[in-house]
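Data file: data_1.cif. Format and content: mmCIF, C-alpha atoms.
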```
data_structure
#
loop_
_atom_site.label_atom_id
_atom_site.label_comp_id
_atom_site.auth_asym_id
_atom_site.auth_seq_id
_atom_site.Cartn_x
_atom_site.Cartn_y
_atom_site.Cartn_z
CA MET A 1 0.94 16.23 -26.55
CA ARG A 2 1.42 13.00 -24.61
CA ARG A 3 3.58 13.53 -21.53
CA VAL A 4 6.58 11.29 -20.99
CA LEU A 5 7.84 10.56 -17.50
CA SER A 6 10.95 8.72 -16.40
CA ILE A 7 11.10 6.91 -13.09
CA ILE A 8 14.56 6.13 -11.76
CA PHE A 9 14.46 3.27 -9.28
CA ASP A 10 16.62 0.61 -7.73
CA ARG A 11 13.90 -1.48 -6.11
CA THR A 12 10.26 -1.85 -7.06
CA ARG A 13 8.24 -1.35 -3.90
CA TRP A 14 4.46 -1.09 -3.53
CA GLU A 15 4.82 2.66 -4.17
CA GLU A 16 6.64 2.26 -7.50
CA LYS A 17 3.95 -0.17 -8.70
CA ALA A 18 1.23 2.28 -7.64
CA LEU A 19 2.97 5.13 -9.50
CA ILE A 20 3.37 3.03 -12.64
CA LYS A 21 -0.30 2.05 -12.49
CA ALA A 22 -1.43 5.64 -11.94
CA ALA A 23 0.66 6.94 -14.83
CA ARG A 24 -0.64 4.27 -17.20
CA ARG A 25 -4.21 5.03 -16.16
CA LYS A 26 -3.62 8.66 -17.12
CA ARG A 27 -2.11 7.55 -20.43
CA ILE A 28 1.28 8.96 -19.54
CA GLN A 29 4.18 7.22 -21.17
CA ILE A 30 6.65 5.99 -18.58
CA ASN A 31 10.25 5.13 -19.01
CA LEU A 32 11.52 2.92 -16.17
CA ILE A 33 15.24 3.28 -15.51
CA ASP A 34 16.91 0.81 -13.16
CA ALA A 35 19.74 2.78 -11.54
CA LYS A 36 21.68 -0.41 -10.88
CA ASN A 37 22.03 -1.18 -14.58
CA THR A 38 22.71 2.35 -15.81
CA SER A 39 25.97 4.08 -16.64
CA PHE A 40 26.15 7.85 -16.91
CA ASP A 41 28.78 9.52 -19.07
CA ILE A 42 29.14 12.84 -17.29
CA ASN A 43 31.12 14.40 -20.15
CA ALA A 44 28.58 13.57 -22.82
CA VAL A 45 25.69 15.84 -23.63
CA CYS A 46 22.59 14.37 -22.03
CA ASP A 47 20.12 12.76 -24.34
CA ALA A 48 17.30 14.80 -22.84
CA GLU A 49 14.69 13.26 -25.11
CA SER A 50 15.25 9.79 -23.72
CA TYR A 51 14.23 11.03 -20.27
CA GLY A 52 10.98 12.65 -21.40
CA HIS A 53 9.45 15.75 -19.88
CA ILE A 54 10.26 15.09 -16.23
CA ILE A 55 12.10 12.56 -14.06
CA LEU A 56 10.90 11.10 -10.78
CA GLN A 57 13.74 10.03 -8.50
CA ARG A 58 12.71 6.93 -6.54
CA CYS A 59 15.97 5.23 -5.53
CA ILE A 60 15.78 3.51 -2.17
CA SER A 61 19.51 4.19 -1.70
CA TYR A 62 19.92 7.82 -0.67
CA PHE A 63 23.45 8.26 -2.01
CA ARG A 64 22.67 6.49 -5.28
CA GLY A 65 19.62 8.66 -5.91
CA LEU A 66 21.32 11.85 -4.83
CA HIS A 67 24.28 11.38 -7.16
CA ILE A 68 22.10 10.45 -10.12
CA THR A 69 19.95 13.52 -9.53
CA ALA A 70 23.11 15.66 -9.50
CA ILE A 71 24.13 14.28 -12.90
CA LEU A 72 20.69 14.78 -14.44
CA GLU A 73 20.22 18.29 -13.07
CA MET A 74 23.67 19.24 -14.33
CA CYS A 75 22.35 18.32 -17.78
CA GLY A 76 19.46 20.71 -17.24
CA LEU A 77 16.86 17.98 -16.78
CA PRO A 78 13.99 18.50 -14.31
CA VAL A 79 14.05 15.98 -11.45
CA VAL A 80 11.53 15.54 -8.62
CA ASN A 81 12.67 15.89 -5.95
CA SER A 82 15.45 18.30 -6.78
CA PHE A 83 19.04 17.69 -5.75
CA ASN A 84 18.80 20.35 -3.06
CA THR A 85 15.58 18.94 -1.58
CA SER A 86 16.97 15.40 -1.62
CA LEU A 87 20.25 16.49 -0.06
CA VAL A 88 18.54 18.34 2.78
CA CYS A 89 15.88 15.71 3.51
CA GLY A 90 18.37 12.83 3.44
CA ASN A 91 20.41 14.39 6.22
CA LYS A 92 18.70 15.04 9.57
CA LEU A 93 21.12 17.79 10.52
CA LEU A 94 20.60 19.68 7.23
CA THR A 95 16.84 19.22 7.69
CA SER A 96 17.00 20.62 11.24
CA LEU A 97 18.99 23.61 10.00
CA ALA A 98 16.47 24.32 7.21
CA LEU A 99 13.53 24.00 9.63
CA ALA A 100 15.18 26.22 12.25
CA LYS A 101 16.00 28.86 9.63
CA ALA A 102 12.34 28.91 8.58
CA LYS A 103 11.30 29.17 12.26
CA ILE A 104 9.37 25.90 12.18
CA PRO A 105 9.01 24.30 15.63
CA THR A 106 11.34 21.30 15.97
CA PRO A 107 12.60 19.28 18.95
CA ALA A 108 15.63 20.84 20.69
CA THR A 109 18.57 19.46 18.73
CA TYR A 110 22.31 19.32 19.45
CA VAL A 111 25.23 18.07 17.38
CA THR A 112 28.65 17.01 18.57
CA PHE A 113 31.59 15.33 16.88
CA THR A 114 33.22 13.32 19.66
CA PRO A 115 31.76 10.85 22.19
CA GLU A 116 33.06 13.00 25.06
CA ALA A 117 31.24 16.10 23.82
CA ALA A 118 28.15 13.99 23.13
CA LEU A 119 28.09 12.65 26.69
CA GLU A 120 28.56 16.12 28.12
CA THR A 121 25.66 17.40 25.99
CA ILE A 122 23.35 14.53 26.95
CA GLU A 123 24.13 15.07 30.65
CA LYS A 124 23.34 18.75 30.21
CA ILE A 125 19.97 18.32 28.44
CA GLY A 126 19.02 15.48 30.78
CA TYR A 127 17.45 12.04 30.45
CA PRO A 128 15.69 10.70 28.51
CA ALA A 129 17.26 11.93 25.29
CA VAL A 130 17.34 10.54 21.76
CA ILE A 131 20.31 9.87 19.49
CA LYS A 132 19.95 9.39 15.73
CA PRO A 133 22.25 8.84 12.76
CA VAL A 134 22.26 11.93 10.51
CA ILE A 135 21.71 9.70 7.48
CA GLY A 136 19.41 6.72 7.68
CA SER A 137 15.76 5.87 7.64
CA TRP A 138 13.06 3.54 8.94
CA GLY A 139 14.12 4.28 12.52
CA ARG A 140 17.39 2.44 12.04
CA LEU A 141 19.83 3.08 14.93
CA VAL A 142 17.50 5.65 16.46
CA ALA A 143 17.87 5.06 20.19
CA PRO A 144 16.35 6.41 23.39
CA ILE A 145 18.92 7.21 26.07
CA ASN A 146 17.44 6.80 29.52
CA ASN A 147 20.53 7.10 31.70
CA ARG A 148 24.28 7.68 31.70
CA ALA A 149 25.13 3.98 31.40
CA THR A 150 23.07 3.69 28.20
CA ALA A 151 24.61 6.89 26.83
CA GLU A 152 28.14 5.56 27.39
CA ALA A 153 27.28 2.19 25.85
CA ILE A 154 25.69 3.67 22.73
CA LEU A 155 28.52 6.13 22.20
CA GLU A 156 31.08 3.33 22.59
CA HIS A 157 29.21 1.21 20.04
CA ARG A 158 29.12 4.13 17.63
CA GLU A 159 32.84 4.63 17.97
CA GLN A 160 33.53 0.97 17.25
CA MET A 161 31.23 0.79 14.23
CA ASN A 162 33.83 2.40 11.99
CA SER A 163 31.38 4.63 10.18
CA SER A 164 32.27 8.30 9.68
CA LEU A 165 28.58 9.18 9.70
CA LEU A 166 28.15 7.66 13.17
CA GLN A 167 30.86 9.97 14.52
CA ILE A 168 28.38 12.81 14.03
CA HIS A 169 26.25 12.69 17.18
CA TYR A 170 22.81 14.13 16.47
CA ILE A 171 21.05 14.38 19.81
CA GLN A 172 17.51 15.51 20.54
CA GLU A 173 15.35 16.08 23.56
CA MET A 174 12.78 13.30 24.09
CA VAL A 175 9.51 14.98 23.18
CA ASN A 176 6.68 14.24 25.60
CA ARG A 177 4.21 12.91 23.04
CA PRO A 178 1.46 10.31 22.77
CA PRO A 179 2.78 6.93 21.46
CA ARG A 180 2.31 8.10 17.88
CA ASP A 181 3.50 10.69 15.40
CA ILE A 182 1.85 12.33 12.40
CA ARG A 183 2.87 11.79 8.81
CA THR A 184 1.63 14.48 6.44
CA ILE A 185 2.03 13.90 2.72
CA VAL A 186 2.69 17.11 0.83
CA VAL A 187 2.54 17.05 -2.96
CA GLY A 188 3.60 20.39 -4.38
CA GLU A 189 1.56 23.09 -2.67
CA GLU A 190 -1.05 20.72 -1.26
CA VAL A 191 -1.48 18.47 1.75
CA THR A 192 -2.68 15.22 0.21
CA ALA A 193 -3.13 13.06 3.30
CA ALA A 194 -2.23 12.85 6.95
CA VAL A 195 -2.06 9.81 9.21
CA TYR A 196 -1.23 8.99 12.78
CA ARG A 197 1.49 6.36 12.99
CA SER A 198 1.25 4.41 16.22
CA ALA A 199 4.13 2.35 17.56
CA PRO A 200 3.41 -1.36 18.07
CA ALA A 201 2.61 -2.28 21.70
CA GLY A 202 5.66 -2.22 23.93
CA THR A 203 7.79 -0.34 21.43
CA TRP A 204 8.70 3.28 20.93
CA ARG A 205 9.52 4.03 17.28
CA THR A 206 6.63 4.92 14.97
CA ASN A 207 8.06 3.82 11.62
CA VAL A 208 5.72 1.76 9.45
CA ALA A 209 8.81 -0.23 8.44
CA LEU A 210 8.98 -1.35 12.09
CA GLY A 211 5.34 -2.34 12.27
CA ALA A 212 3.63 0.93 13.21
CA THR A 213 -0.06 1.09 12.32
CA THR A 214 -1.70 4.01 10.54
CA GLU A 215 -5.06 5.71 10.92
CA PRO A 216 -6.40 8.92 9.38
CA CYS A 217 -5.39 12.17 11.06
CA PRO A 218 -7.57 15.26 10.64
CA VAL A 219 -5.76 17.98 8.71
CA THR A 220 -6.20 20.94 11.04
CA SER A 221 -5.18 24.41 9.93
CA GLU A 222 -2.20 24.19 12.32
CA LEU A 223 -1.03 20.90 10.80
CA GLU A 224 -1.57 22.09 7.23
CA ASP A 225 0.31 25.33 7.84
CA ILE A 226 3.26 23.69 9.53
CA ALA A 227 3.51 20.87 6.95
CA LEU A 228 3.42 23.25 3.98
CA ARG A 229 5.98 25.54 5.60
CA ALA A 230 8.25 22.58 6.42
CA ALA A 231 7.97 21.32 2.83
CA LYS A 232 8.84 24.76 1.50
CA ALA A 233 11.77 25.09 3.93
CA VAL A 234 13.47 22.00 2.48
CA GLY A 235 12.93 23.08 -1.11
CA GLY A 236 9.48 21.63 -1.90
CA GLY A 237 8.38 18.72 -4.06
CA VAL A 238 6.82 15.41 -3.09
CA LEU A 239 7.44 15.06 0.62
CA ALA A 240 6.39 13.36 3.84
CA VAL A 241 6.56 15.68 6.83
CA ASP A 242 6.81 13.80 10.14
CA SER A 243 5.75 15.65 13.26
CA MET A 244 4.88 15.03 16.90
CA GLU A 245 2.21 16.39 19.22
CA SER A 246 4.21 18.08 21.98
CA PRO A 247 2.58 19.82 24.98
CA ASP A 248 3.39 23.12 23.21
CA GLY A 249 1.95 22.13 19.84
CA ILE A 250 3.18 20.35 16.74
CA VAL A 251 6.94 19.94 16.25
CA VAL A 252 8.45 18.68 13.00
CA HIS A 253 11.26 16.17 13.41
CA GLU A 254 11.80 14.91 9.87
CA VAL A 255 10.96 15.53 6.22
CA ASN A 256 11.28 12.57 3.85
CA SER A 257 12.10 12.94 0.19
CA THR A 258 11.64 9.49 -1.41
CA ILE A 259 8.37 8.91 0.31
CA GLU A 260 6.70 5.65 1.20
CA PHE A 261 2.96 6.15 1.30
CA ARG A 262 1.39 2.71 1.37
CA GLY A 263 0.21 3.10 4.97
CA ALA A 264 -1.16 6.61 4.39
CA ALA A 265 -2.96 5.55 1.19
CA ALA A 266 -4.56 2.55 2.90
CA ALA A 267 -5.65 4.51 5.98
CA THR A 268 -7.08 7.53 4.16
CA GLY A 269 -8.30 5.95 0.93
CA THR A 270 -6.51 8.71 -0.97
CA ASN A 271 -4.90 7.80 -4.28
CA ILE A 272 -1.59 9.44 -3.42
CA ALA A 273 0.17 7.92 -6.43
CA SER A 274 -2.36 9.59 -8.73
CA LYS A 275 -1.85 12.94 -6.98
CA ILE A 276 1.92 12.62 -7.45
CA ILE A 277 1.55 11.86 -11.16
CA GLU A 278 -0.78 14.86 -11.60
CA TYR A 279 1.79 17.07 -9.85
CA LEU A 280 4.56 15.77 -12.13
CA VAL A 281 2.49 16.58 -15.19
CA ARG A 282 1.91 20.12 -13.90
CA ALA A 283 5.58 20.54 -13.00
CA SER A 284 6.67 19.29 -16.42
CA LYS A 285 4.71 22.06 -18.10
CA LYS A 286 6.35 24.87 -16.12
CA MET B 1 4.84 -18.24 -13.92
CA LYS B 2 7.21 -20.05 -11.58
CA CYS B 3 10.93 -19.82 -10.88
CA LYS B 4 13.33 -21.97 -8.90
CA CYS B 5 15.15 -20.72 -5.82
CA SER B 6 18.92 -20.89 -6.39
CA GLU B 7 19.51 -21.52 -2.68
CA CYS B 8 17.12 -24.34 -1.82
CA ASP B 9 15.50 -25.27 -5.14
CA GLY B 10 12.10 -24.19 -3.78
CA GLU B 11 9.38 -23.08 -6.16
CA ILE B 12 8.68 -19.33 -6.30
CA ALA B 13 5.38 -18.24 -7.81
CA ILE B 14 5.65 -14.99 -9.77
CA PRO B 15 2.52 -12.82 -9.50
CA LYS B 16 0.79 -12.02 -12.80
CA ASP B 17 1.19 -8.26 -12.29
CA ALA B 18 4.86 -8.50 -11.31
CA VAL B 19 7.20 -5.88 -12.77
CA ASN B 20 10.94 -5.50 -13.19
CA GLY B 21 12.80 -4.80 -9.97
CA GLU B 22 10.13 -6.32 -7.76
CA ILE B 23 11.26 -8.43 -4.83
CA VAL B 24 10.01 -11.98 -4.48
CA ALA B 25 10.83 -14.30 -1.61
CA CYS B 26 11.28 -18.03 -1.63
CA PRO B 27 8.45 -19.54 0.46
CA ASP B 28 10.73 -22.35 1.61
CA CYS B 29 13.97 -20.67 2.71
CA GLY B 30 12.94 -17.00 2.77
CA LEU B 31 15.76 -15.75 0.54
CA GLU B 32 14.76 -12.60 -1.36
CA PHE B 33 15.29 -12.17 -5.07
CA GLU B 34 14.99 -9.29 -7.48
CA LEU B 35 12.88 -10.15 -10.48
CA THR B 36 13.77 -9.35 -14.08
CA ILE B 37 11.32 -9.96 -16.90
CA ASP B 38 12.78 -9.74 -20.40
CA GLN B 39 11.00 -8.59 -23.57
CA ASN B 40 9.81 -12.13 -24.26
CA GLY B 41 8.21 -12.34 -20.83
CA LYS B 42 10.85 -14.72 -19.50
CA CYS B 43 11.71 -14.15 -15.86
CA SER B 44 15.01 -14.46 -14.09
CA LEU B 45 15.96 -13.97 -10.46
CA LYS B 46 19.00 -12.38 -8.85
CA VAL B 47 19.63 -12.43 -5.11
CA ALA B 48 18.37 -9.06 -3.83
CA GLU B 49 20.68 -6.39 -2.45
CA LEU B 50 20.96 -6.25 1.33
CA THR B 51 19.59 -3.19 3.10
CA GLY B 52 22.21 -0.43 3.04
CA GLU B 53 22.85 2.13 5.76
CA ASP B 54 21.54 4.84 3.41
CA TRP B 55 18.36 3.00 2.42
CA GLY B 56 14.97 4.44 3.15
CA GLU B 57 12.81 7.40 2.45
#
```

If you convert what's in this file into structure tokens, what do you get?
Amino acid sequence: MRRVLSIIFDRTRWEEKALIKAARRKRIQINLIDAKNTSFDINAVCDAESYGHIILQRCISYFRGLHITAILEMCGLPVVNSFNTSLVCGNKLLTSLALAKAKIPTPATYVTFTPEAALETIEKIGYPAVIKPVIGSWGRLVAPINNRATAEAILEHREQMNSSLLQIHYIQEMVNRPPRDIRTIVVGEEVTAAVYRSAPAGTWRTNVALGATTEPCPVTSELEDIALRAAKAVGGGVLAVDSMESPDGIVVHEVNSTIEFRGAAAATGTNIASKIIEYLVRASKK
Amino acid sequence: MKCKCSECDGEIAIPKDAVNGEIVACPDCGLEFELTIDQNGKCSLKVAELTGEDWGE
């Protein structure tokens, strides 16, 4: 029986094109649903047949994707990644809690809800520290804090930005790492690829969206174990586990749910899109 | 296939393998557009959404 897959998207990136191509190559029928042009009647019985055997959630907007996944799962439709996985991965605090519960090494992390408490915490853990928005990606508004003056300035800016999310102060120790991190792509129960992401010269953040370069990273047993455990801790699915090489070993700082894998595919030569489609086919038969 | 930029009237070349939802940029003014291709293969452009605070992975 020919498998039918729906892809929900709101922007067609390189990854969506690669997924479409991989599905067509495997003769899988794909139904492309643009979230921006779709209306969901939450009281109506879902027309499950129109979505096929499984749905891949690929919205670039976290809240848009999360809410659509909630609607579809409520109808009993299988979505990758699940609502729970998407919810946890889209929020750095929820991710940290899931990782800590599963005893996966992570950077020391603190959360406060006022600038005063944030400043007190930063002073206590010492400089340099790092502050991040709990929701956000591509390194956006992730800032190193090297001294008290910078801490006060950043906290004042956050207060003035009139965003409820920026009143949650997610603070981490600055991990003593090489100028790179490791992205490990986990598809289901398998590590598909791993790459070092190196920050451009003179910069600090290692996001490909900010110009970081990628090169293959050997998948050691330590890396494989930690990546698979991190993926499981957030609920599993198709994930990108980001980690750093600390003096005490690998620490996981983030798990991404709507993964971008162009850099990893180019660096490793792995057809990650094809692996994802194969996983979806397997998952749709469960 | 080619489309006109609504901002500066520049000419935007649409790649042969382009698909719905893909972003194309005007080579003259840099404005980004989201591409729609209808069932007859006719393309239209809408100014792309700006990056939201919840955008990403």

Decode the PyMOL selection byres ((chain B and resi 30-44) around 12) for the given file into explicit residues and return them as a PyMOL selection string. (chain A and resi 10-13+34+36-37) or (chain B and resi 1-29+45-51)

Could you work out which residues of chain A fall inside 8 Å of chain B? Count all atoms listed in the file, and format the result as a PDB file with C-alpha atoms, keeping the file's coordinate frame.
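The new file part_28.pdb reads:
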```pdb
ATOM      1  CA  ASP A  10      16.620   0.610  -7.730  1.00  0.00           C
ATOM      2  CA  ARG A  11      13.900  -1.480  -6.110  1.00  0.00           C
ATOM      3  CA  THR A  12      10.260  -1.850  -7.060  1.00  0.00           C
ATOM      4  CA  ARG A  13       8.240  -1.350  -3.900  1.00  0.00           C
ATOM      5  CA  LYS A  17       3.950  -0.170  -8.700  1.00  0.00           C
ATOM      6  CA  ASP A  34      16.910   0.810 -13.160  1.00  0.00           C
ATOM      7  CA  ILE A  60      15.780   3.510  -2.170  1.00  0.00           C
ATOM      8  CA  SER A  61      19.510   4.190  -1.700  1.00  0.00           C
ATOM      9  CA  TYR A  62      19.920   7.820  -0.670  1.00  0.00           C
ATOM     10  CA  PHE A  63      23.450   8.260  -2.010  1.00  0.00           C
ATOM     11  CA  GLY A  90      18.370  12.830   3.440  1.00  0.00           C
ATOM     12  CA  ILE A 135      21.710   9.700   7.480  1.00  0.00           C
ATOM     13  CA  GLY A 136      19.410   6.720   7.680  1.00  0.00           C
ATOM     14  CA  SER A 137      15.760   5.870   7.640  1.00  0.00           C
ATOM     15  CA  TRP A 138      13.060   3.540   8.940  1.00  0.00           C
ATOM     16  CA  ASN A 256      11.280  12.570   3.850  1.00  0.00           C
ATOM     17  CA  SER A 257      12.100  12.940   0.190  1.00  0.00           C
ATOM     18  CA  THR A 258      11.640   9.490  -1.410  1.00  0.00           C
ATOM     19  CA  ILE A 259       8.370   8.910   0.310  1.00  0.00           C
ATOM     20  CA  GLU A 260       6.700   5.650   1.200  1.00  0.00           C
TER      21      GLU A 260
END
```

What gap, in Å, lies between atom CA of A:Val219 and atom CA of A:Leu87?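 Spanning atom CA of A:Val219 to atom CA of A:Leu87 is a straight-line distance of 27.5 Å.
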
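Going from atom CA of A:Gly235 over to atom CA of A:Arg205, you cover 26.7 Å.
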
Point-to-point distance from atom CA of A:Arg197 to atom CA of A:Arg58, Å rounded to tenths: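 It comes out at 22.5 Å.
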
Tell me, as a PyMOL selection string, which residues lie within 7 Å of A:Ile55, counting all atoms listed in the file; anything in the same chain fewer than 5 positions away does not count. chain A and resi 5-7+78-80

Would you output that residue set with C-alpha atoms, as a PDB file, in the frame of the given file?
```pdb
ATOM      1  CA  LEU A   5       7.840  10.560 -17.500  1.00  0.00           C
ATOM      2  CA  SER A   6      10.950   8.720 -16.400  1.00  0.00           C
ATOM      3  CA  ILE A   7      11.100   6.910 -13.090  1.00  0.00           C
ATOM      4  CA  PRO A  78      13.990  18.500 -14.310  1.00  0.00           C
ATOM      5  CA  VAL A  79      14.050  15.980 -11.450  1.00  0.00           C
ATOM      6  CA  VAL A  80      11.530  15.540  -8.620  1.00  0.00           C
TER       7      VAL A  80
END
```

Take the PyMOL selection byres ((chain A and resi 152) around 12), run it mentally on this structure, and tell me the resulting residues as a PyMOL selection string. chain A and resi 115-120+122-123+131+145-151+153-159

Evaluate the PyMOL selection byres ((chain A and resi 242-248) around 8) and record the selected residues as a PyMOL selection string, following the chain and residue labels used in the document. chain A and resi 175-178+180-184+240-241+249-256

List the neighbours of A:Phe40 out to 10 Å using all atoms listed in the file; skip same-chain residues closer than 6 positions along the sequence, and give me the result as a list in words.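 Selected residues are Cys46, Ile68, Ile71 and Leu72 of chain A.
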
Can you fill out stretch 249-269 of chain A with N, CA and C atoms and hand it back as a PDB file, in the coordinates of the input?
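Contents of result_27.pdb, freshly written:
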```
ATOM      1  N   GLY A 249       2.433  22.122  21.221  1.00  0.00           N
ATOM      2  CA  GLY A 249       1.950  22.130  19.840  1.00  0.00           C
ATOM      3  C   GLY A 249       2.766  21.194  18.967  1.00  0.00           C
ATOM      4  N   ILE A 250       2.532  21.285  17.670  1.00  0.00           N
ATOM      5  CA  ILE A 250       3.180  20.350  16.740  1.00  0.00           C
ATOM      6  C   ILE A 250       4.650  20.729  16.530  1.00  0.00           C
ATOM      7  N   VAL A 251       5.524  19.726  16.584  1.00  0.00           N
ATOM      8  CA  VAL A 251       6.940  19.940  16.250  1.00  0.00           C
ATOM      9  C   VAL A 251       7.318  18.983  15.123  1.00  0.00           C
ATOM     10  N   VAL A 252       8.041  19.507  14.150  1.00  0.00           N
ATOM     11  CA  VAL A 252       8.450  18.680  13.000  1.00  0.00           C
ATOM     12  C   VAL A 252       9.819  18.086  13.294  1.00  0.00           C
ATOM     13  N   HIS A 253       9.951  16.777  13.140  1.00  0.00           N
ATOM     14  CA  HIS A 253      11.260  16.170  13.410  1.00  0.00           C
ATOM     15  C   HIS A 253      11.930  15.626  12.160  1.00  0.00           C
ATOM     16  N   GLU A 254      11.196  15.505  11.059  1.00  0.00           N
ATOM     17  CA  GLU A 254      11.800  14.910   9.870  1.00  0.00           C
ATOM     18  C   GLU A 254      10.995  15.271   8.634  1.00  0.00           C
ATOM     19  N   VAL A 255      11.668  15.404   7.502  1.00  0.00           N
ATOM     20  CA  VAL A 255      10.960  15.530   6.220  1.00  0.00           C
ATOM     21  C   VAL A 255      11.595  14.513   5.279  1.00  0.00           C
ATOM     22  N   ASN A 256      10.770  13.638   4.721  1.00  0.00           N
ATOM     23  CA  ASN A 256      11.280  12.570   3.850  1.00  0.00           C
ATOM     24  C   ASN A 256      11.101  12.929   2.386  1.00  0.00           C
ATOM     25  N   SER A 257      12.088  12.520   1.602  1.00  0.00           N
ATOM     26  CA  SER A 257      12.100  12.940   0.190  1.00  0.00           C
ATOM     27  C   SER A 257      11.703  11.836  -0.794  1.00  0.00           C
ATOM     28  N   THR A 258      12.047  10.591  -0.500  1.00  0.00           N
ATOM     29  CA  THR A 258      11.640   9.490  -1.410  1.00  0.00           C
ATOM     30  C   THR A 258      10.555   8.736  -0.665  1.00  0.00           C
ATOM     31  N   ILE A 259       9.363   9.287  -0.688  1.00  0.00           N
ATOM     32  CA  ILE A 259       8.370   8.910   0.310  1.00  0.00           C
ATOM     33  C   ILE A 259       7.758   7.526   0.090  1.00  0.00           C
ATOM     34  N   GLU A 260       7.489   6.890   1.216  1.00  0.00           N
ATOM     35  CA  GLU A 260       6.700   5.650   1.200  1.00  0.00           C
ATOM     36  C   GLU A 260       5.322   6.031   1.708  1.00  0.00           C
ATOM     37  N   PHE A 261       4.303   5.654   0.971  1.00  0.00           N
ATOM     38  CA  PHE A 261       2.960   6.150   1.300  1.00  0.00           C
ATOM     39  C   PHE A 261       1.907   5.048   1.314  1.00  0.00           C
ATOM     40  N   ARG A 262       2.348   3.824   1.373  1.00  0.00           N
ATOM     41  CA  ARG A 262       1.390   2.710   1.370  1.00  0.00           C
ATOM     42  C   ARG A 262       0.440   2.790   2.561  1.00  0.00           C
ATOM     43  N   GLY A 263       1.021   3.029   3.753  1.00  0.00           N
ATOM     44  CA  GLY A 263       0.210   3.100   4.970  1.00  0.00           C
ATOM     45  C   GLY A 263      -0.769   4.259   4.924  1.00  0.00           C
ATOM     46  N   ALA A 264      -0.304   5.416   4.448  1.00  0.00           N
ATOM     47  CA  ALA A 264      -1.160   6.610   4.390  1.00  0.00           C
ATOM     48  C   ALA A 264      -2.274   6.416   3.356  1.00  0.00           C
ATOM     49  N   ALA A 265      -1.950   5.780   2.239  1.00  0.00           N
ATOM     50  CA  ALA A 265      -2.960   5.550   1.190  1.00  0.00           C
ATOM     51  C   ALA A 265      -4.038   4.592   1.701  1.00  0.00           C
ATOM     52  N   ALA A 266      -3.602   3.544   2.394  1.00  0.00           N
ATOM     53  CA  ALA A 266      -4.560   2.550   2.900  1.00  0.00           C
ATOM     54  C   ALA A 266      -5.462   3.158   3.971  1.00  0.00           C
ATOM     55  N   ALA A 267      -4.867   3.961   4.860  1.00  0.00           N
ATOM     56  CA  ALA A 267      -5.650   4.510   5.980  1.00  0.00           C
ATOM     57  C   ALA A 267      -6.629   5.583   5.531  1.00  0.00           C
ATOM     58  N   THR A 268      -6.238   6.390   4.553  1.00  0.00           N
ATOM     59  CA  THR A 268      -7.080   7.530   4.160  1.00  0.00           C
ATOM     60  C   THR A 268      -7.916   7.258   2.914  1.00  0.00           C
ATOM     61  N   GLY A 269      -7.579   6.226   2.172  1.00  0.00           N
ATOM     62  CA  GLY A 269      -8.300   5.950   0.930  1.00  0.00           C
ATOM     63  C   GLY A 269      -7.946   6.928  -0.183  1.00  0.00           C
TER      64      GLY A 269
END
```
